[in-house]
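Chemist: Structure below; questions to follow.
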Amino acid sequence: MNIATDKTDAWINLGAITDYPNGSITPASLPSGLALAVYRVDDEFFVTADRCTHGGASFAEEGELDGHVVECAWHNGTFDIRTGAALTLPCRTPLMTYTTRIEDGDLLLNPKPNKRARPAANNKP
C-alpha cells in the first residue's frame with residue numbers, strides 16, 4: 001500500500017478491501033472512464049492502468065499475477081505493479097500507477113497518476 005499526504009476528499013473510494021481477494025486482479029475505473037487494474041498482494045494494494053502499453057490487453061480480464069509482476073496474456077510482456085516498470089520485451093513503455101491507502105476498511109485511490117517509471121536498461125531500443 002502506498003501512503004500519500006493528500007486530503008481524503010481528493011481521493012476516490014474503490015470499495016471495501018474485502019471486495020479484493022489476495023492475489024487477485026480486479027477491474028475498476030476512474031470517473032473519467034479510464035480502466036484500472038487493482039492488485040492485492042500479501043494484503044498490499046496496487047493500482048495501474050488496466051491496458052498493456054504494448055498491445056492493449058486488459059490485465060483484469062486476461063493478465064496473470066505472480067507476486068508483484070503482472071504478465072500480459074497477448075505477448076507475455078511483464079510489468080512491476082509497484083512501479084509500473086516494463087520488465088520484459090516486447091513491453092517498453094511503463095504503466096501508469098496510482099497511490100492507494102486504506103481508510104475505515106475501504107480502498108481509496110488518488111486519481112492523479114504517479115510519475116512513470118523509467119524504462120528498464122535491457123528494454124532500450
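Labels for the C-alpha cells follow display order: chains A, B, ..., residues from 1 in each chain, ligands from 1.
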Please identify the strand (DSSP E) residues within chain A (assignment by DSSP from backbone atoms) and present them as a ChimeraX atom specification.

Modeler: /A:12-16,24-29,35-41,44-49,64-66,69-71,78-80,97-98,100-103,106-109

Chemist: Env of region 33-38 of chain A: 8 Å cut, atoms = only C-alpha atoms, seq-sep filter 2 positions within chain, self excluded. Answer as a list in words.

Modeler: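 Result of the neighbour search: Ser24, Ile25, Thr26, Pro27, Ala28, Ser29, Leu30, Pro31, Arg40, Phe45, Phe46, Val47, Thr48, Ala49, Asp50, Arg51, Phe59 and Ala60 of chain A.
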
Chemist: Residues of region 9-41 of chain A that approach region 80-103 of chain A to 9 Å or less, counting only C-alpha atoms: could you list each one with the shortest pair of atoms and its distance in Å to one decimal, rows by chain and increasing residue number, as a tab-separated table?

Modeler:
residue	atom	partner	partner_atom	distance
A:Trp11	CA	A:Thr100	CA	8.7
A:Ile17	CA	A:Ile102	CA	7.8
A:Tyr39	CA	A:Ile81	CA	7.8

Chemist: Since we have the selection now, will you write its residues out, keeping N, CA, C and O atoms, as a PDB file, in the first residue's frame?

Modeler:
ATOM      1  N   TRP A  11      -9.630  11.919  -2.847  1.00  0.00           N
ATOM      2  CA  TRP A  11      -9.465  10.503  -3.140  1.00  0.00           C
ATOM      3  C   TRP A  11     -10.780   9.897  -3.623  1.00  0.00           C
ATOM      4  O   TRP A  11     -11.860  10.384  -3.313  1.00  0.00           O
ATOM      5  N   ILE A  17     -12.081  -3.220   1.203  1.00  0.00           N
ATOM      6  CA  ILE A  17     -10.911  -4.042   0.885  1.00  0.00           C
ATOM      7  C   ILE A  17     -11.282  -5.521   0.808  1.00  0.00           C
ATOM      8  O   ILE A  17     -10.610  -6.289   0.118  1.00  0.00           O
ATOM      9  N   TYR A  39      -4.668  -4.569  -7.798  1.00  0.00           N
ATOM     10  CA  TYR A  39      -3.964  -5.789  -7.406  1.00  0.00           C
ATOM     11  C   TYR A  39      -3.880  -5.845  -5.891  1.00  0.00           C
ATOM     12  O   TYR A  39      -3.556  -4.848  -5.246  1.00  0.00           O
TER      13      TYR A  39
END

Chemist: Can you tell me how far CA of Ala73 (chain A) sits from CA of Leu108 (chain A), in Å to one decimal?

Modeler: 27.7 Å

Chemist: Restricting the calculation to only C-alpha atoms, which member of A:His54, A:Ala16, A:Glu62, A:Val69 is positioned closest to Val41 (chain A)?

Modeler: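 Residue with the minimum atom-to-atom distance to Val41 (chain A): A:Val69.
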
Chemist: For Ala57 (chain A), list every protein, DNA or RNA residue within 7 Å, evaluated using only C-alpha atoms, and leave out those in the same chain fewer than 5 positions away; present the list as a PDB file with N, CA and C atoms, in the first residue's frame.

Modeler:
ATOM      1  N   ARG A  51      -4.661  -1.422 -19.196  1.00  0.00           N
ATOM      2  CA  ARG A  51      -4.265  -1.867 -20.535  1.00  0.00           C
ATOM      3  C   ARG A  51      -2.758  -1.942 -20.690  1.00  0.00           C
ATOM      4  N   CYS A  52      -2.293  -3.034 -21.264  1.00  0.00           N
ATOM      5  CA  CYS A  52      -0.876  -3.202 -21.562  1.00  0.00           C
ATOM      6  C   CYS A  52      -0.433  -2.088 -22.501  1.00  0.00           C
ATOM      7  N   CYS A  72       1.188  -9.850 -19.382  1.00  0.00           N
ATOM      8  CA  CYS A  72       0.171  -9.628 -20.404  1.00  0.00           C
ATOM      9  C   CYS A  72      -0.073 -10.940 -21.148  1.00  0.00           C
ATOM     10  N   TRP A  74      -1.368 -11.399 -24.075  1.00  0.00           N
ATOM     11  CA  TRP A  74      -1.233 -11.361 -25.531  1.00  0.00           C
ATOM     12  C   TRP A  74       0.179 -11.668 -26.015  1.00  0.00           C
TER      13      TRP A  74
END
